[in-house]
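Dropping entry.tsv in here (TSV, C-alpha atoms):
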```tsv
chain	number	residue	atom	x	y	z
E	2	MET	CA	130.22	145.35	167.88
E	3	ASP	CA	131.31	143.83	164.57
E	4	ARG	CA	133.41	141.44	166.62
E	5	PHE	CA	130.32	139.91	168.19
E	6	LEU	CA	127.52	140.28	165.62
E	7	LEU	CA	127.26	137.82	162.74
E	8	PHE	CA	124.47	138.51	160.23
E	9	SER	CA	123.04	135.81	158.01
E	10	THR	CA	123.16	136.32	154.26
E	11	GLU	CA	119.41	136.98	154.19
E	12	VAL	CA	119.57	139.59	156.96
E	13	LEU	CA	122.63	141.26	155.45
E	14	ALA	CA	120.78	141.63	152.16
E	15	ALA	CA	117.74	143.05	153.97
E	16	ARG	CA	119.88	145.61	155.77
E	17	ALA	CA	121.52	146.68	152.52
E	18	ALA	CA	118.15	147.03	150.82
E	19	GLY	CA	116.50	148.86	153.73
E	20	LEU	CA	113.89	146.15	154.20
E	21	PRO	CA	111.92	145.67	157.46
E	22	ILE	CA	113.41	143.04	159.78
E	23	VAL	CA	111.73	141.15	162.64
E	24	ALA	CA	113.76	139.65	165.48
E	25	LEU	CA	112.85	136.23	166.88
E	26	GLU	CA	114.07	134.60	170.08
E	27	SER	CA	115.59	131.12	170.28
E	28	THR	CA	114.73	130.01	173.82
E	29	ILE	CA	111.28	129.07	172.55
E	30	ILE	CA	113.07	126.60	170.25
E	31	SER	CA	115.48	125.13	172.79
E	32	HIS	CA	113.47	125.33	176.01
E	33	GLY	CA	109.88	126.14	175.08
E	34	MET	CA	108.76	123.24	172.89
E	35	PRO	CA	109.71	119.61	172.23
E	36	TYR	CA	111.45	118.42	169.06
E	37	PRO	CA	110.46	118.32	166.20
E	38	GLN	CA	107.56	120.73	166.78
E	39	ASN	CA	110.01	123.41	167.93
E	40	VAL	CA	111.98	123.45	164.68
E	41	GLU	CA	108.84	123.15	162.56
E	42	MET	CA	107.36	126.10	164.46
E	43	ALA	CA	110.52	128.18	163.97
E	44	ARG	CA	110.62	127.57	160.23
E	45	GLY	CA	106.90	128.24	159.87
E	46	VAL	CA	107.11	131.51	161.81
E	47	GLU	CA	110.00	132.70	159.68
E	48	GLN	CA	108.00	131.99	156.52
E	49	ILE	CA	104.96	133.88	157.84
E	50	ILE	CA	107.18	136.93	158.32
E	51	ARG	CA	108.59	136.63	154.80
E	52	ASP	CA	105.13	136.25	153.30
E	53	ALA	CA	104.05	139.45	155.08
E	54	GLY	CA	106.85	141.47	153.48
E	55	ALA	CA	109.50	141.46	156.20
E	56	VAL	CA	112.67	139.48	156.86
E	57	PRO	CA	113.01	137.15	159.89
E	58	ALA	CA	116.09	137.28	162.09
E	59	THR	CA	116.13	134.46	164.64
E	60	ILE	CA	118.83	135.27	167.20
E	61	ALA	CA	121.12	132.86	169.08
E	62	ILE	CA	124.68	132.66	170.43
E	63	ILE	CA	126.87	130.24	168.47
E	64	LYS	CA	130.67	129.86	168.70
E	65	GLY	CA	131.26	133.20	170.35
E	66	ARG	CA	129.07	135.24	168.02
E	67	VAL	CA	125.61	136.75	168.28
E	68	CYS	CA	123.99	135.26	165.20
E	69	ILE	CA	121.36	137.57	163.70
E	70	GLY	CA	119.47	135.20	161.44
E	71	LEU	CA	119.99	131.43	161.47
E	72	SER	CA	120.46	128.77	158.83
E	73	PRO	CA	118.24	125.65	158.75
E	74	GLU	CA	121.16	123.70	160.24
E	75	GLN	CA	121.51	126.17	163.11
E	76	LEU	CA	117.78	125.97	163.85
E	77	GLU	CA	118.09	122.19	163.96
E	78	LEU	CA	121.07	122.47	166.33
E	79	LEU	CA	119.10	124.64	168.75
E	80	GLY	CA	116.09	122.37	168.53
E	81	THR	CA	118.00	119.19	169.33
E	82	SER	CA	120.98	120.15	171.50
E	83	PRO	CA	120.62	119.45	175.25
E	84	ASP	CA	123.56	121.81	175.88
E	85	ALA	CA	121.93	125.05	174.74
E	86	MET	CA	122.05	127.53	177.62
E	87	LYS	CA	119.11	129.79	178.38
E	88	VAL	CA	120.66	133.24	177.96
E	89	SER	CA	119.44	136.45	179.58
E	90	ARG	CA	121.27	139.78	180.13
E	91	ARG	CA	123.57	138.47	182.88
E	92	ASP	CA	124.57	135.41	180.83
E	93	LEU	CA	125.54	137.09	177.55
E	94	PRO	CA	129.21	137.85	178.42
E	95	TYR	CA	129.83	134.33	179.74
E	96	VAL	CA	128.23	132.50	176.84
E	97	LEU	CA	130.04	134.67	174.28
E	98	ALA	CA	133.42	134.55	176.03
E	99	GLN	CA	133.26	130.79	176.59
E	100	GLU	CA	131.84	130.15	173.11
E	101	LYS	CA	128.88	128.21	174.48
E	102	LEU	CA	125.70	127.46	172.57
E	103	GLY	CA	123.13	129.94	173.80
E	104	ALA	CA	119.41	130.39	173.21
E	105	THR	CA	118.27	133.95	173.84
E	106	THR	CA	115.36	134.83	176.13
E	107	VAL	CA	113.14	137.85	175.60
E	108	ALA	CA	115.61	140.06	177.50
E	109	ALA	CA	118.71	138.87	175.63
E	110	THR	CA	116.94	138.98	172.28
E	111	MET	CA	115.92	142.58	172.91
E	112	ILE	CA	119.53	143.51	173.67
E	113	CYS	CA	120.85	141.77	170.56
E	114	ALA	CA	118.07	143.18	168.38
E	115	GLN	CA	118.87	146.73	169.48
E	116	LEU	CA	122.58	146.16	168.83
E	117	ALA	CA	121.63	145.00	165.33
E	118	GLY	CA	119.33	147.97	164.71
E	119	ILE	CA	116.12	145.90	164.77
E	120	HIS	CA	113.13	147.53	166.47
E	121	VAL	CA	110.41	144.86	166.28
E	122	PHE	CA	110.65	141.52	168.06
E	123	VAL	CA	108.13	138.67	168.05
E	124	THR	CA	107.80	136.10	170.82
E	125	GLY	CA	105.15	133.91	172.44
E	126	GLY	CA	104.69	135.53	175.84
E	127	ILE	CA	106.92	137.73	177.96
E	128	GLY	CA	108.18	136.81	181.41
E	129	GLY	CA	106.92	138.64	184.44
E	130	VAL	CA	106.44	138.65	188.18
E	131	HIS	CA	106.16	135.09	189.45
E	132	ARG	CA	103.45	134.09	191.88
E	133	GLY	CA	104.81	134.38	195.41
E	134	ALA	CA	107.39	136.99	194.35
E	135	GLU	CA	106.69	138.94	197.54
E	136	THR	CA	108.82	136.34	199.32
E	137	SER	CA	110.90	134.79	196.50
E	138	PHE	CA	111.70	138.06	194.65
E	139	ASP	CA	111.40	136.02	191.44
E	140	ILE	CA	110.86	138.63	188.73
E	141	SER	CA	111.81	138.00	185.12
E	142	ALA	CA	114.67	140.04	183.69
E	143	ASP	CA	112.38	140.61	180.70
E	144	LEU	CA	110.61	143.38	182.60
E	145	GLN	CA	113.71	145.42	183.37
E	146	GLU	CA	114.82	144.99	179.77
E	147	LEU	CA	111.51	146.37	178.57
E	148	ALA	CA	112.14	149.44	180.74
E	149	ARG	CA	115.56	150.16	179.20
E	150	THR	CA	115.79	148.70	175.68
E	151	SER	CA	113.97	150.37	172.79
E	152	VAL	CA	112.42	147.39	171.04
E	153	ALA	CA	108.71	146.67	170.53
E	154	VAL	CA	107.80	143.18	171.76
E	155	VAL	CA	104.83	141.53	170.07
E	156	CYS	CA	103.46	138.80	172.34
E	157	ALA	CA	100.29	137.06	173.50
E	158	GLY	CA	100.57	138.84	176.82
E	159	VAL	CA	102.12	137.37	179.94
E	160	LYS	CA	102.27	133.63	180.50
E	161	SER	CA	99.31	132.65	182.68
E	162	ILE	CA	101.65	130.82	185.06
E	163	LEU	CA	102.73	134.26	186.34
E	164	ASP	CA	101.10	136.94	188.50
E	165	ILE	CA	99.63	139.03	185.70
E	166	GLY	CA	98.36	141.85	187.92
E	167	LEU	CA	101.74	142.41	189.58
E	168	THR	CA	103.48	142.17	186.20
E	169	LEU	CA	101.32	144.98	184.81
E	170	GLU	CA	101.95	147.04	187.95
E	171	TYR	CA	105.70	146.58	187.49
E	172	LEU	CA	105.52	147.66	183.86
E	173	GLU	CA	103.48	150.74	184.80
E	174	THR	CA	105.97	151.72	187.50
E	175	HIS	CA	108.83	151.52	185.00
E	176	GLY	CA	106.99	153.45	182.30
E	177	VAL	CA	106.54	150.59	179.84
E	178	PRO	CA	103.41	151.10	177.71
E	179	VAL	CA	101.19	148.06	177.22
E	180	VAL	CA	99.30	148.18	173.93
E	181	SER	CA	96.55	145.74	172.96
E	182	VAL	CA	95.54	144.68	169.46
E	183	GLY	CA	91.90	144.03	168.57
E	184	GLN	CA	90.57	144.31	172.12
E	185	SER	CA	90.95	146.49	175.19
E	186	GLY	CA	91.70	143.57	177.50
E	187	PHE	CA	95.19	142.22	178.16
E	188	PRO	CA	95.54	138.59	177.04
E	189	ALA	CA	96.87	135.73	179.16
E	190	PHE	CA	98.85	133.63	176.68
E	191	PHE	CA	96.69	130.47	176.47
E	192	THR	CA	93.51	132.55	176.78
E	193	ARG	CA	92.36	135.82	175.26
E	194	ASP	CA	91.35	137.56	178.48
E	195	SER	CA	93.33	137.91	181.70
E	196	GLY	CA	90.76	140.04	183.48
E	197	TYR	CA	93.08	143.06	183.22
E	198	GLN	CA	93.11	145.97	180.78
E	199	ALA	CA	95.94	147.14	178.54
E	200	ASP	CA	96.96	150.80	178.68
E	201	PHE	CA	96.03	151.56	175.08
E	202	GLN	CA	94.26	149.81	172.20
E	203	LEU	CA	95.89	150.29	168.79
E	204	ASP	CA	94.51	147.94	166.19
E	205	THR	CA	96.33	148.85	162.99
E	206	PRO	CA	100.03	148.54	162.14
E	207	ALA	CA	100.07	152.23	161.14
E	208	GLN	CA	98.74	153.30	164.55
E	209	GLN	CA	101.24	151.08	166.35
E	210	ALA	CA	104.14	152.36	164.24
E	211	GLN	CA	103.16	155.98	164.84
E	212	PHE	CA	103.04	155.31	168.59
E	213	LEU	CA	106.52	153.75	168.57
E	214	GLN	CA	108.05	156.50	166.47
E	215	THR	CA	106.52	159.21	168.68
E	216	LYS	CA	107.74	157.54	171.89
E	217	TRP	CA	111.31	157.14	170.71
E	218	ARG	CA	111.53	160.56	169.03
E	219	LEU	CA	110.51	162.09	172.35
E	220	GLY	CA	113.62	160.50	173.82
E	221	LEU	CA	111.57	158.07	175.90
E	222	ALA	CA	113.87	155.06	175.79
E	223	GLY	CA	112.56	151.60	176.53
E	224	GLY	CA	110.36	149.00	174.97
E	225	VAL	CA	106.65	148.65	174.31
E	226	VAL	CA	104.52	145.56	174.89
E	227	ILE	CA	102.29	144.90	171.88
E	228	SER	CA	99.84	142.36	173.30
E	229	ASN	CA	98.07	140.28	170.68
E	230	PRO	CA	95.52	137.71	171.88
E	231	VAL	CA	95.67	134.10	170.73
E	232	PRO	CA	93.18	133.46	167.88
E	233	ALA	CA	89.76	132.55	169.31
E	234	GLN	CA	89.65	129.15	167.62
E	235	ALA	CA	92.96	128.17	169.25
E	236	ALA	CA	92.33	129.62	172.73
E	237	MET	CA	91.94	127.36	175.74
E	238	ASP	CA	89.16	127.47	178.33
E	239	LYS	CA	90.17	129.88	181.10
E	240	GLU	CA	88.83	127.83	184.00
E	241	GLU	CA	90.50	124.68	182.73
E	242	ILE	CA	93.91	126.24	182.15
E	243	ASP	CA	93.77	128.08	185.48
E	244	ALA	CA	93.14	124.81	187.33
E	245	ILE	CA	95.89	123.00	185.44
E	246	THR	CA	98.31	125.86	186.02
E	247	ALA	CA	97.62	125.79	189.77
E	248	LEU	CA	98.33	122.05	189.83
E	249	ALA	CA	101.58	122.47	187.85
E	250	LEU	CA	102.70	125.29	190.14
E	251	GLN	CA	102.13	123.11	193.19
E	252	GLN	CA	104.10	120.27	191.62
E	253	ALA	CA	106.98	122.65	190.84
E	254	ALA	CA	107.01	123.80	194.47
E	255	ASP	CA	106.91	120.23	195.76
E	256	LEU	CA	109.88	119.29	193.56
E	257	GLY	CA	111.87	122.40	194.49
E	258	VAL	CA	112.00	123.76	190.95
E	259	THR	CA	113.28	127.35	191.06
E	260	GLY	CA	114.79	130.15	188.97
E	261	LYS	CA	115.00	129.89	185.20
E	262	LYS	CA	113.96	126.22	185.36
E	263	VAL	CA	110.44	127.12	186.50
E	264	THR	CA	108.95	128.27	183.19
E	265	PRO	CA	110.20	125.32	181.07
E	266	PHE	CA	109.01	122.90	183.78
E	267	LEU	CA	105.56	124.46	183.96
E	268	LEU	CA	105.07	124.61	180.20
E	269	ALA	CA	106.11	120.97	179.84
E	270	ARG	CA	103.84	119.88	182.69
E	271	ILE	CA	100.89	121.86	181.33
E	272	LYS	CA	101.44	120.20	177.95
E	273	GLU	CA	101.23	116.78	179.63
E	274	LEU	CA	98.15	117.69	181.66
E	275	THR	CA	96.33	119.00	178.56
E	276	ASP	CA	97.34	116.04	176.38
E	277	GLY	CA	99.26	118.35	174.08
E	278	ARG	CA	96.50	120.90	173.53
E	279	SER	CA	98.51	123.66	175.19
E	280	LEU	CA	101.35	123.10	172.72
E	281	ALA	CA	98.95	123.53	169.81
E	282	THR	CA	97.73	126.78	171.37
E	283	ASN	CA	101.31	127.91	171.93
E	284	ILE	CA	102.20	127.33	168.27
E	285	ALA	CA	99.03	129.08	167.06
E	286	LEU	CA	99.67	132.20	169.12
E	287	VAL	CA	103.31	132.47	168.04
E	288	ARG	CA	102.30	132.20	164.39
E	289	HIS	CA	99.66	134.90	164.88
E	290	ASN	CA	102.17	137.14	166.65
E	291	ALA	CA	104.55	136.71	163.72
E	292	LEU	CA	101.95	138.07	161.34
E	293	ILE	CA	101.16	141.08	163.56
E	294	GLY	CA	104.86	141.73	164.13
E	295	ALA	CA	105.73	141.57	160.44
E	296	ARG	CA	102.95	144.00	159.57
E	297	LEU	CA	104.18	146.36	162.30
E	298	ALA	CA	107.77	146.15	161.03
E	299	VAL	CA	106.61	146.98	157.50
E	300	ALA	CA	104.61	149.98	158.75
E	301	LEU	CA	107.43	151.24	160.99
E	302	ASN	CA	109.93	150.88	158.16
E	303	ALA	CA	107.71	152.91	155.83
E	304	LEU	CA	107.18	155.57	158.48
E	305	SER	CA	110.89	155.82	159.25
E	306	ALA	CA	111.58	156.46	155.56
E	307	LEU	CA	109.48	159.66	155.71
E	308	PRO	CA	111.22	162.98	156.45
E	309	GLU	CA	110.93	164.16	160.05
```

Write out the structure in this file as structure tokens.
Amino acid sequence: MDRFLLFSTEVLAARAAGLPIVALESTIISHGMPYPQNVEMARGVEQIIRDAGAVPATIAIIKGRVCIGLSPEQLELLGTSPDAMKVSRRDLPYVLAQEKLGATTVAATMICAQLAGIHVFVTGGIGGVHRGAETSFDISADLQELARTSVAVVCAGVKSILDIGLTLEYLETHGVPVVSVGQSGFPAFFTRDSGYQADFQLDTPAQQAQFLQTKWRLGLAGGVVISNPVPAQAAMDKEEIDAITALALQQAADLGVTGKKVTPFLLARIKELTDGRSLATNIALVRHNALIGARLAVALNALSALPE
């Protein structure tokens, strides 16, 4: 794997010192937010992780290498380049072999994080089962990755543009635990409550770390969803965002938007329909997830240092 993995100086030093490391995706930079807010968000999230005692490792594909940790110039490139490909599991070999610029999704970031020995990954929201999947079969690759790749994913739940109930059913079927932080309910990205319950509530980093260590030491491979609701002061009104989401979904259908283009289209349209308020919520929840993820990485690192 040395041929493909390229660690930043900061991440290399962290590995040598045995420090906790937190993986970050790059699709949120290239496809999830407009410039310059995307780059500002990325830099701010990295600093939150540092301030909490861990080391950030934003992951992307650049010039035929899986970059584990990015320079300020590389973050800027991802935030401004129209050529960055949205990379999931199926795309990794092509983007690496052809030396394309690639921004990693949740699924691809999980794969790369595991290859790099990183067990905690922070994102905004995971993908899931799309509405109408009973006829379109549109199910995010994120869910299968969670079933097979042993990385904890800290998120604000599932994006509310998806079918949250079916997503949770899929995760249950594939044995992926869904843990909530600070509440029993499962959050819905822009809002704190989806109307569904998480499997388990574990509020402290120590509890979460113990859960992860126990799962993986039992030989139960696969990820864990650590669902962390958006801070109350940044949350949107559920009825409002549900109505706007329904309108955006209809517009996507009318325009024939399909596949991996759906989520970026919907997020951009929701931003327009909320006059930018959804973007502010998105940034707030990612920053909050970074704090929770960093604390988890610190706790898991301390636990892993103990004798078995």

Review point. What lies within 12 Å of E:Ile245 using all atoms listed in the file, ignoring chain neighbours under 2 positions off, as a VMD selection string?
Key: chain E and resid 161 to 162 191 237 to 243 247 to 252 267 to 276 279

Point to revise | E:Ile63, E:Ile49, E:Val182, E:Ala281 ranked by distance to E:Leu78, top pick (using only C-alpha atoms) | key: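 The closest residue to E:Leu78 is E:Ile63.
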
Review point. Which polymer residues have any atom within 7 Å of an atom of stretch 91-105 of chain E, counting all atoms listed in the file, with same-chain residues fewer than 6 positions away left out, as number ranges by chain?
Key: E: 26-28, 31, 60-66, 84-85

Practice item. Please work out which residues fall within 8 Å of (110.5, 152.7, 171.9), coordinates as given in the file, with only C-alpha atoms counting, and return them as a count of residues only. Key: 14

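Interatomic distance, atom CA of E:Leu301 to atom CA of E:Ile50: 14.6 Å.
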
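Put simply, atom CA of E:Gly183 is 17.1 Å away from atom CA of E:Val123.
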
Check your understanding: When distances are computed from all atoms listed in the file, which of E:Gly80, E:Gly118, E:Gly166, E:Pro73 shows the smallest separation from E:Ala15?
Key ->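 Closest to E:Ala15 of all the choices is E:Gly118.
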
Review point. So how many Å separate atom CA of E:Gly158 and atom CA of E:Ile293, to one decimal?
Key: 13.5 Å

**Study point:** Counting only C-alpha atoms, the residue of E:Ile112, E:Ala157, E:Val121, E:Val231 that sits nearest E:Leu25
**Key:**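 For E:Leu25, the nearest of the given residues is E:Val121.
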
Check your understanding: Given the choices E:Ala210, E:Val226, E:Ala199, E:Ile119, which gets closest to E:Val177 if the distance is worked out from all atoms listed in the file?
Key -> E:Val226

Check your understanding: Can you tell me, as a PyMOL selection string, what residues are no more than 9 Å from stretch 137-139 of chain E when counting all atoms listed in the file, ignoring any on the same chain fewer than 6 positions away?
Key -> chain E and resi 129-131+259-260

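Minimum atom-to-atom distance to E:Ala235, evaluated using only C-alpha atoms, belongs to E:Arg278 out of E:Arg278, E:Arg218, E:His32, E:Arg90.
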
Point to revise | 12 Å contact set for stretch 200-205 of chain E, all atoms listed in the file, chain neighbours under 2 positions out, as a ChimeraX atom specification | key: /E:169-170,172-173,176-187,197-198,207-213,225-230,293-294,296-301

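For the choices E:Pro206, E:Gly257, E:Pro188, E:Gly70, the atom-to-atom distance to E:Glu47 is smallest for E:Gly70 when using only C-alpha atoms.
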
**Study point:** Who sits within 6 Å of E:Ser89, only C-alpha atoms, same chain under 5 positions skipped, as a PyMOL selection string
**Key:** chain E and resi 106+108-109

Atoms to include: C-alpha atoms. Write the selected residues as a PDB file, keeping the file's coordinate frame.
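Okay, this is what ended up in result_14.pdb:
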```
ATOM      1  CA  THR E 106     115.360 134.830 176.130  1.00  0.00           C
ATOM      2  CA  ALA E 108     115.610 140.060 177.500  1.00  0.00           C
ATOM      3  CA  ALA E 109     118.710 138.870 175.630  1.00  0.00           C
TER       4      ALA E 109
END
```
